[in-house]
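Below is one structure; the comments refer to it alone.
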Amino acid sequence: MLTTSAGPAIAAAFDLGDDAVLTGPVARGEQGQVWRLETGRGVFAVKDPFVEVDAAEAQADAAYQDIVHRAGVPMPAVVRSADGRVLLQVDGAPVRVYEWVDVLPRDRHLDPAAVGRVIARVHRVVAPTNGPMSSWYVDPVGAERWSSMVARLHTAGAPFAGDLAALVPGIIAVEELLEPVDATQWCHLDLWADNVVPTPAGEVVVLDWENAGPGNPSQELACVLFDFGLGDPRRTRDLYAAYVDAGGPGRITRPGDCTVLVAQLGHIAVLGCERWLASTTEDERAHTEAWVREYVDEPVTPAVVDAILDAVSSRRRP
């Protein structure tokens with residue numbers, strides 16, 4: 001983990017100039033935190049991951065980010081060391097650096113048309129892939145694991161155990177809609193409202209590309225429609241229409257197009273449950289309970305999938 005004293009070493013490692021001052025962390029996610037680095041050359045965002053990062057994978061996602069950035073998608077630019085590396089060990093901690101972008105807090109109520117246009121710009125950049133999608137995005141959690149998880153939560157006295165248990169029949173039903181997904185191009189793979197955020201200038205910017213990999217635009221679009229559509233048919237339809245009109249290649253035509261939406265949120269919820277069970281402090285338990293309750297309060301059910309399909313049906317194109 002970084003400390004504020006690492007500023008000069010980071011600036012030297014990435015050749016960012018003198019008079020370096022590191023402050024923060026200024027933002028925190030589940031996989032890492034962000035620090036603000038100011039030097040004589042400007043302001044930069046420093047990523048401080050909580051999990052182990054593979055250097056080759058970091059180089060690969062950075063290469064994809066470069067392609068998307070050159071295409072004009074609003075996003076922070078990758079910063080590299082003099083020898084081209086994007087992941088360096090600084091004071092014993094793995095570090096990545098990006099151009100600094102001022103952003104406002106996450107807002108699922110952003111103008112849906114603006115969101116649709118930005119996602120279309122992302123998906124129009126085709127970086128081919130011959131690799132499969134990770135099981136995290138396409139495999140069901142499964143009835144057995146859901147049942148076991150609920151039992152463990154009840155035994156541990158989780159305050160949300162009963163609410164989750166009541167949802168399990170619907171969760172199992174929606175997992176039956178999953179179908180095999182072909183990875184057609186590189187995708188962001190984490191286009192939730194945490195990472196599609198407004199700026200003070202009124203624009204929409206896309207952050208946190210480190211999970212990028214083999215994906216499918218239609219599947220990723222379904223996640224965006226769920227998160228920013230807010231269950232409102234008009235918002236969902238407006239987002240989809242703006243995406244299609246802006247040349248986005250994804251289309252939602254059948255329940256299986258929501259495979260990644262169902263699978264990814266299911267795995268995120270189970271991970272949150274596991275972390276609640278492993279928590280050792282009240283603060284940790286409160287944090288992970290809030291994580292799981294996001295899923296419990298707004299689950300993906302067959303009715304939710306049907307509502308997305310109904311909302312976009314008037315704008316489907318071949």
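By order in the structure tokens, chains are A, B, ...; within a chain, residues start at 1; ligands start at 1, following the order shown.
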
Phe226 in chain A: which residues within 9 Å, counting only C-alpha atoms, same-chain residues fewer than 5 positions away excluded, as a short mmCIF file (atom, residue, chain, number, x, y, z; two decimals) with N, CA and C atoms, in the first residue's frame?
```cif
data_model
loop_
_atom_site.label_atom_id
_atom_site.label_comp_id
_atom_site.auth_asym_id
_atom_site.auth_seq_id
_atom_site.Cartn_x
_atom_site.Cartn_y
_atom_site.Cartn_z
N LEU A 221 -23.97 -3.86 -23.46
CA LEU A 221 -25.05 -2.89 -23.59
C LEU A 221 -26.20 -3.23 -22.65
N GLY A 231 -35.01 0.80 -14.52
CA GLY A 231 -36.33 0.18 -14.58
C GLY A 231 -37.40 1.03 -15.23
N THR A 236 -34.78 3.57 -20.60
CA THR A 236 -34.16 2.43 -21.27
C THR A 236 -34.26 2.59 -22.79
N LEU A 261 -25.22 -9.67 -17.90
CA LEU A 261 -25.89 -8.92 -16.84
C LEU A 261 -26.24 -9.83 -15.67
N VAL A 300 -31.85 -8.81 -10.57
CA VAL A 300 -32.22 -9.09 -11.96
C VAL A 300 -33.08 -10.35 -11.97
N VAL A 304 -37.46 -8.42 -15.00
CA VAL A 304 -36.56 -7.31 -15.34
C VAL A 304 -36.02 -7.49 -16.76
N VAL A 305 -35.63 -8.71 -17.10
CA VAL A 305 -35.14 -8.99 -18.45
C VAL A 305 -36.24 -8.72 -19.47
N ILE A 308 -36.64 -4.96 -20.07
CA ILE A 308 -35.61 -4.39 -20.94
C ILE A 308 -35.91 -4.70 -22.41
#
```

Surrounding residues of range 56-67 of chain A excluding itself and chain neighbours under 4 positions, 8 Å, only C-alpha atoms, as a count of residues only: 14

Residue neighbourhood Ser313 in chain A, 12 Å, only C-alpha atoms, exclusion window fewer than 5 positions, as an MDAnalysis selection string: chainID A and resid 233:234 236:238 240:241 251:254 306:308 318

Which of range 111-282 of chain A DSSP labels alpha helix (DSSP H), written as a count of residues only: 93

Distance of CA of Ser148 in chain A from CA of Leu177 in chain A, expressed in Å to one decimal place: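 Between CA of Leu177 in chain A and CA of Ser148 in chain A the gap is 21.6 Å.
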
Selection: 7 Å around Tyr137 in chain A, only C-alpha atoms, excl. self and same-chain fewer than 4 positions, as a PyMOL selection string: chain A and resi 133+260+263-264

Next, dump the selected residues to file, keeping only N, CA and C atoms, as a compact mmCIF listing (two decimals), in the first residue's frame.
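Printed below is result.txt as written:
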```
# COMPACT_ATOMS: atom_id res chain seq x y z
N MET A 133 -14.63 -15.37 -23.18
CA MET A 133 -14.95 -14.54 -22.03
C MET A 133 -14.70 -15.32 -20.75
N VAL A 260 -24.61 -11.79 -19.60
CA VAL A 260 -23.54 -11.18 -18.79
C VAL A 260 -24.13 -10.36 -17.65
N ALA A 263 -25.16 -13.04 -15.00
CA ALA A 263 -24.03 -13.76 -14.43
C ALA A 263 -23.11 -12.85 -13.63
N GLN A 264 -22.77 -11.70 -14.20
CA GLN A 264 -21.83 -10.82 -13.51
C GLN A 264 -22.39 -10.31 -12.20
```

Val122 in chain A surroundings by only C-alpha atoms, 12 Å radius, close-in-sequence under 6 positions cut, as a PDB file with C-alpha atoms, in the first residue's frame:
```pdb
ATOM      1  CA  TYR A  64      -6.542  -1.558 -25.777  1.00  0.00           C
ATOM      2  CA  GLN A  65      -7.000   1.666 -23.823  1.00  0.00           C
ATOM      3  CA  ILE A  67      -6.654   2.346 -29.185  1.00  0.00           C
ATOM      4  CA  VAL A  68      -9.899   3.550 -27.618  1.00  0.00           C
ATOM      5  CA  HIS A  69      -8.358   6.819 -26.443  1.00  0.00           C
ATOM      6  CA  ARG A  70      -6.972   7.569 -29.908  1.00  0.00           C
ATOM      7  CA  ALA A  71     -10.475   7.045 -31.289  1.00  0.00           C
ATOM      8  CA  GLY A  72     -11.679   9.969 -29.197  1.00  0.00           C
ATOM      9  CA  VAL A  73     -13.541   8.202 -26.419  1.00  0.00           C
ATOM     10  CA  PRO A  74     -13.590  10.491 -23.336  1.00  0.00           C
ATOM     11  CA  MET A  75     -11.298   8.711 -20.876  1.00  0.00           C
ATOM     12  CA  VAL A 115     -24.736   7.603 -21.894  1.00  0.00           C
ATOM     13  CA  GLY A 116     -25.923   5.734 -24.983  1.00  0.00           C
ATOM     14  CA  GLN A 185     -14.003  -7.902 -29.575  1.00  0.00           C
ATOM     15  CA  TRP A 186     -12.297  -6.336 -26.595  1.00  0.00           C
ATOM     16  CA  CYS A 187     -14.724  -4.605 -24.233  1.00  0.00           C
ATOM     17  CA  HIS A 188     -14.483  -2.538 -21.064  1.00  0.00           C
ATOM     18  CA  LEU A 189     -16.369  -5.255 -19.072  1.00  0.00           C
ATOM     19  CA  LEU A 191     -19.441  -0.283 -17.574  1.00  0.00           C
ATOM     20  CA  VAL A 196     -19.387   5.992 -16.501  1.00  0.00           C
ATOM     21  CA  VAL A 205     -16.244  10.093 -19.124  1.00  0.00           C
ATOM     22  CA  VAL A 206     -15.385   6.391 -18.908  1.00  0.00           C
ATOM     23  CA  LEU A 207     -12.977   5.310 -16.161  1.00  0.00           C
ATOM     24  CA  TRP A 209     -10.408   0.050 -17.864  1.00  0.00           C
ATOM     25  CA  ALA A 212     -10.996  -4.937 -20.103  1.00  0.00           C
ATOM     26  CA  ASN A 216     -19.479  -8.805 -26.596  1.00  0.00           C
ATOM     27  CA  PRO A 217     -21.005  -5.346 -27.186  1.00  0.00           C
ATOM     28  CA  GLU A 220     -22.257  -5.106 -22.282  1.00  0.00           C
ATOM     29  CA  LEU A 221     -25.053  -2.890 -23.586  1.00  0.00           C
ATOM     30  CA  TYR A 243     -26.742   4.080 -28.822  1.00  0.00           C
ATOM     31  CA  ALA A 246     -24.690   6.746 -32.790  1.00  0.00           C
ATOM     32  CA  GLY A 247     -23.562   3.583 -34.578  1.00  0.00           C
ATOM     33  CA  GLY A 248     -23.229   1.249 -31.618  1.00  0.00           C
ATOM     34  CA  PRO A 249     -23.020  -2.358 -32.898  1.00  0.00           C
ATOM     35  CA  GLY A 250     -24.777  -4.077 -29.982  1.00  0.00           C
TER      36      GLY A 250
END
```

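For the choices A:Ala143, A:Cys258, A:Ala12, A:Ala45, the atom-to-atom distance to Leu167 in chain A is smallest for A:Ala143 when using only C-alpha atoms.
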
Pairwise distance for CA of Pro180 in chain A and CA of Val138 in chain A, rounded to one decimal in Å: 7.2 Å

CA of Tyr295 in chain A to CA of Ala278 in chain A, straight-line distance in Å: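 Computing it gives 18.8 Å between the two atoms.
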
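Here the question is which of A:Gly229, A:Pro299, A:Pro25, A:Pro94 gets nearest to Asp54 in chain A using only C-alpha atoms, and that residue is A:Pro94.
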
Selected residue of minimal separation from Val21 in chain A among A:Val224, A:Met1, A:Cys273, A:Val43, counting only C-alpha atoms: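 Closest to Val21 in chain A of all the choices is A:Val43.
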
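DSSP secondary structure from the backbone places Val78, Val79, Leu88, Gln89, Val90, Ala93, Pro94, Val95, Arg96, Val97, Tyr98, Glu99, Gln185, Trp186, Cys187, Val196, Val197, Pro198, Val204, Val205, Val206, Gly213, Pro214 and Gly215 of chain A of range 62-260 of chain A in strand (DSSP E).
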
Selected residue of minimal separation from Trp100 in chain A among A:Ser279, A:Thr301, A:Asn130, A:Thr199, counting only C-alpha atoms: A:Thr199

Residue nearest Val97 in chain A - candidates A:Gln33, A:Thr281, A:Ser5, A:Asn195, atoms counted: only C-alpha atoms: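 Of A:Gln33, A:Thr281, A:Ser5, A:Asn195, the one nearest Val97 in chain A, counting only C-alpha atoms, is A:Gln33.
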
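The residue that comes closest to Arg106 in chain A, out of A:Val141, A:Ala193, A:Ala201, A:Val90 and on the basis of only C-alpha atoms, is A:Ala193.
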